[in-house]
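**Student:** The structure file work05.csv (CSV, C-alpha atoms) is provided below.
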```
chain,number,residue,atom,x,y,z
A,1,MET,CA,-1.3,24.2,19.8
A,2,ILE,CA,-0.9,22.8,16.2
A,3,ILE,CA,-0.5,19.2,17.6
A,4,LYS,CA,-3.5,19.7,19.8
A,5,ASN,CA,-5.6,20.8,16.9
A,6,LYS,CA,-4.5,17.9,14.7
A,7,THR,CA,-5.3,15.4,17.6
A,8,THR,CA,-8.7,17.0,18.0
A,9,LYS,CA,-9.4,16.7,14.2
A,10,LEU,CA,-8.2,13.1,14.2
A,11,LEU,CA,-10.5,12.2,17.1
A,12,VAL,CA,-13.5,13.9,15.5
A,13,THR,CA,-12.8,12.1,12.2
A,14,ILE,CA,-12.4,8.7,13.9
A,15,SER,CA,-15.6,9.2,15.9
A,16,PHE,CA,-17.4,10.2,12.7
A,17,LEU,CA,-16.2,7.2,10.8
A,18,LEU,CA,-17.3,4.8,13.6
A,19,ILE,CA,-20.8,6.4,13.8
A,20,LEU,CA,-21.5,6.9,10.1
A,21,PRO,CA,-22.0,3.3,9.1
A,22,LEU,CA,-24.4,2.7,11.9
A,23,VAL,CA,-26.4,5.7,10.8
A,24,GLN,CA,-26.3,4.6,7.2
A,25,LYS,CA,-27.7,1.2,8.2
A,26,GLN,CA,-30.7,3.0,9.9
A,27,TRP,CA,-31.2,5.0,6.8
A,28,PHE,CA,-31.1,1.9,4.7
A,29,ASN,CA,-33.8,0.3,6.9
A,30,LEU,CA,-36.0,3.3,6.4
A,31,TYR,CA,-35.3,3.3,2.7
A,32,LEU,CA,-36.5,-0.3,2.5
A,33,PHE,CA,-40.0,0.7,3.6
A,34,ASN,CA,-40.3,2.8,0.4
A,35,ILE,CA,-38.0,0.8,-1.9
A,36,ASN,CA,-40.3,1.3,-4.9
A,37,ASP,CA,-40.6,5.0,-4.5
A,38,ILE,CA,-38.2,7.9,-4.3
A,39,SER,CA,-38.3,9.2,-0.8
A,40,PHE,CA,-36.2,11.5,1.4
A,41,TYR,CA,-34.5,8.5,3.0
A,42,SER,CA,-33.7,6.9,-0.3
A,43,ILE,CA,-32.0,10.1,-1.5
A,44,LEU,CA,-30.3,10.4,1.8
A,45,TYR,CA,-29.0,6.8,1.7
A,46,TYR,CA,-27.7,7.2,-1.9
A,47,PHE,CA,-26.0,10.5,-0.9
A,48,SER,CA,-24.4,9.0,2.2
A,49,GLY,CA,-22.3,6.7,-0.1
A,50,THR,CA,-20.3,9.8,-1.2
A,51,ILE,CA,-19.3,10.9,2.3
A,52,CYS,CA,-16.5,8.5,3.1
A,53,PRO,CA,-14.9,8.6,-0.4
A,54,SER,CA,-15.0,12.4,-0.3
A,55,LEU,CA,-13.4,12.4,3.2
A,56,VAL,CA,-10.6,10.1,1.9
A,57,CYS,CA,-9.9,12.3,-1.1
A,58,LEU,CA,-9.9,15.6,0.8
A,59,ASN,CA,-7.7,14.1,3.5
A,60,SER,CA,-5.3,12.6,0.9
A,61,LEU,CA,-5.1,15.8,-1.1
A,62,LYS,CA,-4.3,17.9,2.0
A,63,TYR,CA,-1.9,15.6,3.9
A,64,TYR,CA,-0.6,13.0,1.5
A,65,THR,CA,0.2,14.9,-1.7
A,66,TYR,CA,2.3,18.0,-1.1
A,67,TYR,CA,5.1,16.5,1.0
A,68,LYS,CA,8.0,18.4,2.5
A,69,PHE,CA,11.2,16.7,3.6
A,70,ASN,CA,14.3,17.8,5.5
A,71,LYS,CA,17.4,18.2,3.2
A,72,ASN,CA,19.8,19.4,5.9
A,73,ASN,CA,21.8,16.2,5.9
A,74,ILE,CA,21.8,15.6,2.1
A,75,TYR,CA,25.6,15.8,1.9
A,76,SER,CA,26.4,13.8,5.0
A,77,LYS,CA,27.5,10.2,5.1
A,78,ASN,CA,23.9,9.0,5.2
A,79,ILE,CA,23.2,9.4,1.5
A,80,ILE,CA,22.0,7.2,-1.4
A,81,THR,CA,23.8,7.5,-4.8
A,82,GLY,CA,24.8,5.6,-7.8
A,83,LYS,CA,23.4,2.2,-8.6
A,84,ARG,CA,21.4,1.9,-5.4
A,85,LEU,CA,19.6,5.2,-6.2
A,86,PHE,CA,19.0,4.1,-9.8
A,87,PHE,CA,17.5,0.8,-8.6
A,88,LEU,CA,15.2,2.5,-6.0
A,89,VAL,CA,14.1,5.1,-8.6
A,90,ALA,CA,13.4,2.6,-11.4
A,91,ILE,CA,11.6,0.1,-9.2
A,92,ASN,CA,9.4,2.7,-7.5
A,93,LEU,CA,8.6,4.6,-10.7
A,94,ILE,CA,7.6,1.4,-12.6
A,95,PHE,CA,5.6,0.0,-9.6
A,96,LEU,CA,3.7,3.3,-9.1
A,97,SER,CA,3.1,3.8,-12.9
A,98,TYR,CA,1.8,0.3,-13.3
A,99,PHE,CA,-0.6,0.6,-10.3
A,100,ILE,CA,-1.9,3.9,-11.6
A,101,ALA,CA,-2.4,2.5,-15.1
A,102,ASP,CA,-4.1,-0.6,-13.8
A,103,TYR,CA,-6.3,1.5,-11.4
A,104,LEU,CA,-7.5,3.7,-14.2
A,105,TYR,CA,-8.3,0.7,-16.3
A,106,ILE,CA,-10.4,-0.7,-13.4
A,107,ASN,CA,-12.5,2.5,-13.6
A,108,PHE,CA,-13.1,2.2,-17.3
A,109,ASP,CA,-13.7,-1.5,-17.1
A,110,LEU,CA,-16.5,-0.9,-14.5
A,111,ILE,CA,-18.1,1.8,-16.6
A,112,PHE,CA,-18.3,-0.3,-19.7
A,113,ASN,CA,-19.4,-3.5,-17.9
A,114,LEU,CA,-22.1,-1.6,-15.9
A,115,PHE,CA,-23.4,0.9,-18.4
A,116,PHE,CA,-22.2,-0.1,-21.9
A,117,GLU,CA,-22.7,-3.9,-22.0
A,118,ARG,CA,-22.5,-4.0,-25.8
A,119,ILE,CA,-19.1,-2.4,-25.9
A,120,ASN,CA,-16.3,-4.8,-25.0
A,121,LEU,CA,-13.3,-3.0,-23.5
A,122,GLN,CA,-10.2,-4.9,-24.5
A,123,LYS,CA,-7.5,-5.3,-21.9
A,124,PRO,CA,-4.2,-3.6,-23.0
A,125,ASP,CA,-1.6,-5.9,-24.4
A,126,ASN,CA,2.0,-5.8,-23.2
A,127,ILE,CA,3.0,-3.1,-25.7
A,128,GLN,CA,0.1,-0.8,-24.9
A,129,LEU,CA,0.7,-1.4,-21.1
A,130,SER,CA,4.3,-0.5,-21.5
A,131,PHE,CA,3.4,2.7,-23.4
A,132,PHE,CA,1.0,3.7,-20.6
A,133,ILE,CA,3.6,3.0,-17.9
A,134,LEU,CA,6.1,5.1,-19.9
A,135,LEU,CA,3.6,7.9,-20.3
A,136,ILE,CA,2.7,7.9,-16.6
A,137,SER,CA,6.4,7.7,-15.5
A,138,SER,CA,7.1,10.8,-17.6
A,139,LEU,CA,4.2,12.7,-15.9
A,140,LEU,CA,5.5,11.6,-12.5
A,141,ILE,CA,8.9,13.1,-13.1
A,142,PHE,CA,7.6,16.7,-13.3
A,143,LYS,CA,6.2,18.4,-10.2
A,144,LYS,CA,3.0,19.9,-11.7
A,145,SER,CA,2.0,16.9,-13.7
A,146,ARG,CA,2.7,14.7,-10.7
A,147,PHE,CA,0.2,16.6,-8.6
A,148,LEU,CA,-2.3,16.6,-11.4
A,149,LEU,CA,-1.9,12.9,-11.7
A,150,LYS,CA,-2.5,12.5,-7.9
A,151,LYS,CA,-5.8,14.4,-8.2
A,152,ILE,CA,-6.9,12.2,-11.1
A,153,ILE,CA,-6.2,9.2,-9.0
A,154,LEU,CA,-8.4,10.6,-6.2
A,155,VAL,CA,-11.2,11.3,-8.6
A,156,ASN,CA,-10.8,7.8,-9.9
A,157,PHE,CA,-11.1,6.5,-6.3
A,158,ILE,CA,-14.4,8.4,-5.8
A,159,LEU,CA,-15.8,7.2,-9.1
A,160,ILE,CA,-15.0,3.5,-8.4
A,161,SER,CA,-16.5,4.0,-4.9
A,162,LEU,CA,-19.7,5.3,-6.3
A,163,TYR,CA,-19.9,2.5,-8.9
A,164,LEU,CA,-19.5,-0.1,-6.1
A,165,TRP,CA,-22.1,1.8,-4.0
A,166,HIS,CA,-24.5,1.6,-6.9
A,167,ILE,CA,-23.8,-2.1,-7.3
A,168,GLN,CA,-24.4,-2.7,-3.6
A,169,ILE,CA,-27.6,-0.8,-3.4
A,170,ASN,CA,-29.1,-2.4,-6.5
A,171,ASN,CA,-27.8,-5.9,-5.7
A,172,ILE,CA,-25.9,-6.2,-9.0
A,173,ASN,CA,-23.9,-9.4,-9.3
A,174,LEU,CA,-20.4,-9.1,-10.5
A,175,ASP,CA,-18.6,-11.9,-12.1
A,176,ASP,CA,-14.9,-12.5,-13.0
A,177,GLN,CA,-15.3,-10.6,-16.3
A,178,PHE,CA,-14.6,-7.4,-14.2
A,179,HIS,CA,-11.0,-6.5,-14.0
A,180,ILE,CA,-11.2,-5.7,-10.3
A,181,TYR,CA,-11.5,-9.5,-9.7
A,182,LYS,CA,-7.8,-9.6,-10.6
A,183,TYR,CA,-7.4,-8.6,-6.9
A,184,PHE,CA,-9.7,-11.3,-5.8
A,185,GLY,CA,-9.1,-12.6,-2.3
A,186,LEU,CA,-11.4,-10.2,-0.5
A,187,ASN,CA,-15.2,-10.4,-0.8
A,188,ASP,CA,-15.6,-6.7,-0.2
A,189,LEU,CA,-14.8,-4.8,-3.3
A,190,ASN,CA,-14.7,-1.6,-1.3
A,191,LEU,CA,-11.7,-2.9,0.6
A,192,ILE,CA,-10.0,-3.9,-2.7
A,193,ASN,CA,-10.5,-0.4,-4.0
A,194,LEU,CA,-9.2,1.1,-0.8
A,195,PHE,CA,-6.1,-1.2,-0.6
A,196,ILE,CA,-5.1,-0.3,-4.2
A,197,LEU,CA,-5.3,3.4,-3.2
A,198,VAL,CA,-3.2,2.8,-0.1
A,199,ALA,CA,-0.6,1.0,-2.3
A,200,ILE,CA,-0.5,4.0,-4.6
A,201,GLU,CA,-0.3,6.4,-1.6
A,202,ILE,CA,2.7,4.6,-0.1
A,203,SER,CA,4.5,4.4,-3.5
A,204,PHE,CA,3.6,8.1,-4.2
A,205,PHE,CA,5.1,9.0,-0.8
A,206,THR,CA,8.3,7.1,-1.7
A,207,TRP,CA,8.5,8.8,-5.1
A,208,SER,CA,7.9,12.2,-3.6
A,209,PHE,CA,10.8,11.6,-1.2
A,210,LEU,CA,13.2,10.4,-4.0
A,211,SER,CA,12.3,13.2,-6.3
A,212,TYR,CA,12.1,16.0,-3.7
A,213,LYS,CA,13.4,19.3,-5.0
A,214,THR,CA,16.8,18.7,-6.7
A,215,ASN,CA,17.4,15.1,-5.5
A,216,LEU,CA,17.2,13.6,-9.0
A,217,SER,CA,19.0,16.4,-10.8
A,218,ASP,CA,21.8,16.1,-8.3
A,219,TRP,CA,21.5,12.3,-8.3
A,220,ILE,CA,21.9,12.2,-4.5
A,221,VAL,CA,19.3,11.5,-1.9
A,222,GLY,CA,19.7,11.6,1.9
A,223,LYS,CA,18.5,8.6,3.8
A,224,PRO,CA,15.1,9.3,5.4
A,225,GLN,CA,15.1,10.6,9.0
A,226,LYS,CA,12.5,9.5,11.6
A,227,GLY,CA,10.5,12.7,11.1
A,228,ASP,CA,10.1,11.9,7.4
A,229,PHE,CA,8.0,8.8,8.3
A,230,ILE,CA,5.4,10.8,10.3
A,231,PRO,CA,3.1,11.2,7.2
A,232,VAL,CA,3.3,7.4,6.6
A,233,LEU,CA,2.3,6.7,10.2
A,234,ASN,CA,-0.6,9.2,10.0
A,235,MET,CA,-1.6,7.6,6.7
A,236,PHE,CA,-1.8,4.1,8.3
A,237,ILE,CA,-3.8,5.4,11.2
A,238,PHE,CA,-6.3,7.2,9.0
A,239,TYR,CA,-6.8,4.3,6.5
A,240,PHE,CA,-7.0,1.8,9.4
A,241,PHE,CA,-10.2,3.5,10.5
A,242,ILE,CA,-11.4,3.7,6.9
A,243,VAL,CA,-11.1,-0.1,6.8
A,244,ILE,CA,-13.0,-0.3,10.0
A,245,TYR,CA,-15.7,1.9,8.5
A,246,TYR,CA,-16.2,-0.4,5.5
A,247,SER,CA,-16.0,-3.5,7.7
A,248,ILE,CA,-18.9,-2.2,9.9
A,249,LEU,CA,-20.8,-1.2,6.7
A,250,ILE,CA,-20.9,-4.7,5.4
```
When written as structure tokens, how does the structure in this file appear?
**Tutor:**
Amino acid sequence: MIIKNKTTKLLVTISFLLILPLVQKQWFNLYLFNINDISFYSILYYFSGTICPSLVCLNSLKYYTYYKFNKNNIYSKNIITGKRLFFLVAINLIFLSYFIADYLYINFDLIFNLFFERINLQKPDNIQLSFFILLISSLLIFKKSRFLLKKIILVNFILISLYLWHIQINNINLDDQFHIYKYFGLNDLNLINLFILVAIEISFFTWSFLSYKTNLSDWIVGKPQKGDFIPVLNMFIFYFFIVIYYSILI
């Protein structure tokens, strides 16, 4: 029954994501008829830009934040300890912390470049960046602060999505002074924003697995079982259709 309900929800979500951009395009056409006036369709079209980012955040908070893993085989032969575990923990923690710090900077960079042109936001130097990475790494170690940080990341995603929506509606030209162009290679900034979030999601999942319960205090982690990868599979399916949504919306 639970599997059936999840499948139904997934199908409804997928159908909604495929239909929504087509509806938004119709609202946009109606909005163009009264582009100089505030109308019902202009408000509706502006509001529609919050639907997909909100759906992403709610889904991520519910399914890709509070992970639970099987620890029954933690003391079997399939374990990770010693230098291998240290290497995995250090690489994942640094990678995740760096992406979070850089992602938050993208948000502030967009704010200052769009709304406070006279204020020049300086890019953090190596020492400042190292401090932020250390601070975020410390927050990720503790359970409550890790969940709080994940919520901040999702709020950050919504804010960046809204800035990009504002840019798209008002035909604001972005140049390479925006930090988000560091990830240039895609013309659609919405996809860049989404792919950064997905990278954080995957790294957050890995860190959640490594730090699950007493894994780090015991300094022993069981190798992941097939069932542990189900959230990752669901994550890829969900974000695949989010990519399709943004591709249709272009």
**Student:** Just the number, please: distance in Å from CA of His179 (chain A) to CA of Phe99 (chain A), one decimal.
**Tutor:**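 Result for CA of His179 (chain A) versus CA of Phe99 (chain A): 13.1 Å, one decimal.
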**Student:** Between CA of Ile133 (chain A) and CA of Asn193 (chain A), what is the distance, to one decimal in Å?
**Tutor:**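 So the two atoms, CA of Ile133 (chain A) and CA of Asn193 (chain A), lie 20.1 Å apart.
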**Student:** Can you work out which one of A:Leu20, A:Ile79, A:Leu61, A:Leu249 has the shortest atom-to-atom distance to Lys151 (chain A), counting all atoms listed in the file?
**Tutor:** A:Leu61
**Student:** Excluding region 229-243 of chain A and any residue of its chain fewer than 6 positions from it, enumerate the residues within 8 Å of it, using only C-alpha atoms, and give them as a PDB file with C-alpha atoms, in the frame of the given file.
**Tutor:**
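Result written to around_33.pdb:
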```pdb
ATOM      1  CA  ILE A  14     -12.400   8.700  13.900  1.00  0.00           C
ATOM      2  CA  LEU A  17     -16.200   7.200  10.800  1.00  0.00           C
ATOM      3  CA  LEU A  18     -17.300   4.800  13.600  1.00  0.00           C
ATOM      4  CA  CYS A  52     -16.500   8.500   3.100  1.00  0.00           C
ATOM      5  CA  TYR A  63      -1.900  15.600   3.900  1.00  0.00           C
ATOM      6  CA  TYR A  64      -0.600  13.000   1.500  1.00  0.00           C
ATOM      7  CA  LEU A 191     -11.700  -2.900   0.600  1.00  0.00           C
ATOM      8  CA  LEU A 194      -9.200   1.100  -0.800  1.00  0.00           C
ATOM      9  CA  VAL A 198      -3.200   2.800  -0.100  1.00  0.00           C
ATOM     10  CA  ILE A 202       2.700   4.600  -0.100  1.00  0.00           C
ATOM     11  CA  PHE A 205       5.100   9.000  -0.800  1.00  0.00           C
TER      12      PHE A 205
END
```
**Student:** Using only C-alpha atoms, which residue out of A:Leu197, A:Leu104, A:Ile244, A:Ile220 lies closest to Ile80 (chain A)?
**Tutor:** A:Ile220
**Student:** Find the spatial neighbours of region 154-159 of chain A, counting only C-alpha atoms, within a cut-off of 7 Å - ignore same-chain residues fewer than 6 positions away - and output them as a list in words.
**Tutor:**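 In the requested form, the answer reads Pro53, Ser54, Cys57, Leu104 and Asn107 of chain A.
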**Student:** Which residue is closest to Leu164 (chain A)? Choose from A:Pro124, A:Gly82, A:Gly49, A:Pro224 and count only C-alpha atoms.
**Tutor:**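 Once distances to Leu164 (chain A) are computed over only C-alpha atoms, the minimum belongs to A:Gly49.
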**Student:** Of the candidates A:Leu88, A:Ile180, A:Leu216, A:Leu44, which shows the shortest atom-to-atom distance to Ile111 (chain A), using all atoms listed in the file?
**Tutor:**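 Distance minimum relative to Ile111 (chain A) lands on A:Ile180.
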**Student:** Report the distance between CA of Ile248 (chain A) and CA of Pro21 (chain A) in Å, rounded to one decimal place.
**Tutor:**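 Distance between the two atoms: 6.4 Å.
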**Student:** Using only C-alpha atoms, list the residues that have an atom at most 12 Å from (-25.0, 10.5, -0.2), coordinates as in the file, as a PyMOL selection string.
**Tutor:** chain A and resi 20+24+27-28+40-54+161-162+165-166
**Student:** Please, could you write that set of residues out with C-alpha atoms as a CSV table (one decimal), in the frame of the given file?
**Tutor:**
```csv
chain,number,residue,atom,x,y,z
A,20,LEU,CA,-21.5,6.9,10.1
A,24,GLN,CA,-26.3,4.6,7.2
A,27,TRP,CA,-31.2,5.0,6.8
A,28,PHE,CA,-31.1,1.9,4.7
A,40,PHE,CA,-36.2,11.5,1.4
A,41,TYR,CA,-34.5,8.5,3.0
A,42,SER,CA,-33.7,6.9,-0.3
A,43,ILE,CA,-32.0,10.1,-1.5
A,44,LEU,CA,-30.3,10.4,1.8
A,45,TYR,CA,-29.0,6.8,1.7
A,46,TYR,CA,-27.7,7.2,-1.9
A,47,PHE,CA,-26.0,10.5,-0.9
A,48,SER,CA,-24.4,9.0,2.2
A,49,GLY,CA,-22.3,6.7,-0.1
A,50,THR,CA,-20.3,9.8,-1.2
A,51,ILE,CA,-19.3,10.9,2.3
A,52,CYS,CA,-16.5,8.5,3.1
A,53,PRO,CA,-14.9,8.6,-0.4
A,54,SER,CA,-15.0,12.4,-0.3
A,161,SER,CA,-16.5,4.0,-4.9
A,162,LEU,CA,-19.7,5.3,-6.3
A,165,TRP,CA,-22.1,1.8,-4.0
A,166,HIS,CA,-24.5,1.6,-6.9
```
**Student:** Which is closest to Ile160 (chain A) among A:Ile106, A:Ile136, A:Asn215, A:Phe95, if we use only C-alpha atoms?
**Tutor:** A:Ile106
**Student:** Using only C-alpha atoms, find the one residue out of A:Phe112, A:Val221, A:Asp188, A:Ile172 that sits nearest to Ser247 (chain A).
**Tutor:**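 Once distances to Ser247 (chain A) are computed over only C-alpha atoms, the minimum belongs to A:Asp188.
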**Student:** With the input short on atoms, add all heavy atoms back to region 227-238 of chain A and write it as a PDB file, keeping the file's coordinate frame.
**Tutor:**
```
ATOM      1  N   GLY A 227      11.605  11.760  11.326  1.00  0.00           N
ATOM      2  CA  GLY A 227      10.500  12.700  11.100  1.00  0.00           C
ATOM      3  C   GLY A 227       9.889  12.599   9.723  1.00  0.00           C
ATOM      4  O   GLY A 227       8.729  12.981   9.530  1.00  0.00           O
ATOM      5  N   ASP A 228      10.648  12.041   8.759  1.00  0.00           N
ATOM      6  CA  ASP A 228      10.100  11.900   7.400  1.00  0.00           C
ATOM      7  C   ASP A 228       9.023  10.835   7.323  1.00  0.00           C
ATOM      8  O   ASP A 228       8.233  10.829   6.361  1.00  0.00           O
ATOM      9  CB  ASP A 228      11.245  11.530   6.431  1.00  0.00           C
ATOM     10  CG  ASP A 228      12.264  12.645   6.281  1.00  0.00           C
ATOM     11  OD1 ASP A 228      11.854  13.823   6.372  1.00  0.00           O
ATOM     12  OD2 ASP A 228      13.456  12.353   6.092  1.00  0.00           O
ATOM     13  N   PHE A 229       8.988   9.939   8.307  1.00  0.00           N
ATOM     14  CA  PHE A 229       8.000   8.800   8.300  1.00  0.00           C
ATOM     15  C   PHE A 229       6.705   9.185   8.995  1.00  0.00           C
ATOM     16  O   PHE A 229       5.798   8.365   9.034  1.00  0.00           O
ATOM     17  CB  PHE A 229       8.616   7.584   8.914  1.00  0.00           C
ATOM     18  CG  PHE A 229       9.685   6.948   8.082  1.00  0.00           C
ATOM     19  CD1 PHE A 229      11.016   7.104   8.415  1.00  0.00           C
ATOM     20  CD2 PHE A 229       9.357   6.217   6.953  1.00  0.00           C
ATOM     21  CE1 PHE A 229      12.011   6.517   7.650  1.00  0.00           C
ATOM     22  CE2 PHE A 229      10.342   5.625   6.178  1.00  0.00           C
ATOM     23  CZ  PHE A 229      11.682   5.778   6.523  1.00  0.00           C
ATOM     24  N   ILE A 230       6.614  10.382   9.566  1.00  0.00           N
ATOM     25  CA  ILE A 230       5.400  10.800  10.300  1.00  0.00           C
ATOM     26  C   ILE A 230       4.170  10.747   9.347  1.00  0.00           C
ATOM     27  O   ILE A 230       3.104  10.245   9.741  1.00  0.00           O
ATOM     28  CB  ILE A 230       5.570  12.169  10.922  1.00  0.00           C
ATOM     29  CG1 ILE A 230       6.594  12.075  12.068  1.00  0.00           C
ATOM     30  CG2 ILE A 230       4.232  12.690  11.448  1.00  0.00           C
ATOM     31  CD1 ILE A 230       6.889  13.396  12.743  1.00  0.00           C
ATOM     32  N   PRO A 231       4.264  11.276   8.107  1.00  0.00           N
ATOM     33  CA  PRO A 231       3.100  11.200   7.200  1.00  0.00           C
ATOM     34  C   PRO A 231       2.655   9.754   6.946  1.00  0.00           C
ATOM     35  O   PRO A 231       1.450   9.485   6.816  1.00  0.00           O
ATOM     36  CB  PRO A 231       3.583  11.865   5.928  1.00  0.00           C
ATOM     37  CG  PRO A 231       4.674  12.770   6.359  1.00  0.00           C
ATOM     38  CD  PRO A 231       5.353  12.059   7.486  1.00  0.00           C
ATOM     39  N   VAL A 232       3.603   8.820   6.860  1.00  0.00           N
ATOM     40  CA  VAL A 232       3.300   7.400   6.600  1.00  0.00           C
ATOM     41  C   VAL A 232       2.512   6.848   7.827  1.00  0.00           C
ATOM     42  O   VAL A 232       1.527   6.110   7.677  1.00  0.00           O
ATOM     43  CB  VAL A 232       4.513   6.578   6.330  1.00  0.00           C
ATOM     44  CG1 VAL A 232       4.148   5.109   6.129  1.00  0.00           C
ATOM     45  CG2 VAL A 232       5.230   7.109   5.100  1.00  0.00           C
ATOM     46  N   LEU A 233       2.983   7.191   9.028  1.00  0.00           N
ATOM     47  CA  LEU A 233       2.300   6.700  10.200  1.00  0.00           C
ATOM     48  C   LEU A 233       0.892   7.278  10.312  1.00  0.00           C
ATOM     49  O   LEU A 233      -0.063   6.532  10.599  1.00  0.00           O
ATOM     50  CB  LEU A 233       3.102   7.180  11.480  1.00  0.00           C
ATOM     51  CG  LEU A 233       2.493   6.812  12.839  1.00  0.00           C
ATOM     52  CD1 LEU A 233       2.362   5.303  12.997  1.00  0.00           C
ATOM     53  CD2 LEU A 233       3.341   7.394  13.970  1.00  0.00           C
ATOM     54  N   ASN A 234       0.730   8.568  10.025  1.00  0.00           N
ATOM     55  CA  ASN A 234      -0.600   9.200  10.000  1.00  0.00           C
ATOM     56  C   ASN A 234      -1.497   8.534   8.945  1.00  0.00           C
ATOM     57  O   ASN A 234      -2.695   8.338   9.146  1.00  0.00           O
ATOM     58  CB  ASN A 234      -0.499  10.672   9.766  1.00  0.00           C
ATOM     59  CG  ASN A 234       0.160  11.411  10.917  1.00  0.00           C
ATOM     60  OD1 ASN A 234       0.126  10.937  12.056  1.00  0.00           O
ATOM     61  ND2 ASN A 234       0.770  12.547  10.646  1.00  0.00           N
ATOM     62  N   MET A 235      -0.881   8.197   7.804  1.00  0.00           N
ATOM     63  CA  MET A 235      -1.600   7.600   6.700  1.00  0.00           C
ATOM     64  C   MET A 235      -2.165   6.211   7.150  1.00  0.00           C
ATOM     65  O   MET A 235      -3.338   5.901   6.897  1.00  0.00           O
ATOM     66  CB  MET A 235      -0.670   7.380   5.512  1.00  0.00           C
ATOM     67  CG  MET A 235      -1.337   6.834   4.265  1.00  0.00           C
ATOM     68  SD  MET A 235      -0.110   6.408   2.996  1.00  0.00           S
ATOM     69  CE  MET A 235       0.735   7.984   2.788  1.00  0.00           C
ATOM     70  N   PHE A 236      -1.333   5.398   7.813  1.00  0.00           N
ATOM     71  CA  PHE A 236      -1.800   4.100   8.300  1.00  0.00           C
ATOM     72  C   PHE A 236      -2.894   4.189   9.300  1.00  0.00           C
ATOM     73  O   PHE A 236      -3.842   3.394   9.290  1.00  0.00           O
ATOM     74  CB  PHE A 236      -0.606   3.282   8.823  1.00  0.00           C
ATOM     75  CG  PHE A 236       0.190   2.569   7.769  1.00  0.00           C
ATOM     76  CD1 PHE A 236       1.466   2.993   7.443  1.00  0.00           C
ATOM     77  CD2 PHE A 236      -0.341   1.481   7.101  1.00  0.00           C
ATOM     78  CE1 PHE A 236       2.204   2.346   6.472  1.00  0.00           C
ATOM     79  CE2 PHE A 236       0.384   0.819   6.120  1.00  0.00           C
ATOM     80  CZ  PHE A 236       1.661   1.255   5.799  1.00  0.00           C
ATOM     81  N   ILE A 237      -2.777   5.156  10.203  1.00  0.00           N
ATOM     82  CA  ILE A 237      -3.800   5.400  11.200  1.00  0.00           C
ATOM     83  C   ILE A 237      -5.126   5.740  10.562  1.00  0.00           C
ATOM     84  O   ILE A 237      -6.186   5.177  10.878  1.00  0.00           O
ATOM     85  CB  ILE A 237      -3.387   6.430  12.234  1.00  0.00           C
ATOM     86  CG1 ILE A 237      -2.187   5.949  13.054  1.00  0.00           C
ATOM     87  CG2 ILE A 237      -4.548   6.789  13.173  1.00  0.00           C
ATOM     88  CD1 ILE A 237      -1.606   7.006  13.965  1.00  0.00           C
ATOM     89  N   PHE A 238      -5.065   6.686   9.627  1.00  0.00           N
ATOM     90  CA  PHE A 238      -6.300   7.200   9.000  1.00  0.00           C
ATOM     91  C   PHE A 238      -6.940   6.030   8.166  1.00  0.00           C
ATOM     92  O   PHE A 238      -8.146   5.776   8.307  1.00  0.00           O
ATOM     93  CB  PHE A 238      -5.937   8.329   8.029  1.00  0.00           C
ATOM     94  CG  PHE A 238      -7.101   8.800   7.204  1.00  0.00           C
ATOM     95  CD1 PHE A 238      -8.127   9.529   7.768  1.00  0.00           C
ATOM     96  CD2 PHE A 238      -7.166   8.509   5.842  1.00  0.00           C
ATOM     97  CE1 PHE A 238      -9.210   9.965   7.011  1.00  0.00           C
ATOM     98  CE2 PHE A 238      -8.234   8.934   5.073  1.00  0.00           C
ATOM     99  CZ  PHE A 238      -9.253   9.668   5.663  1.00  0.00           C
TER     100      PHE A 238
END
```
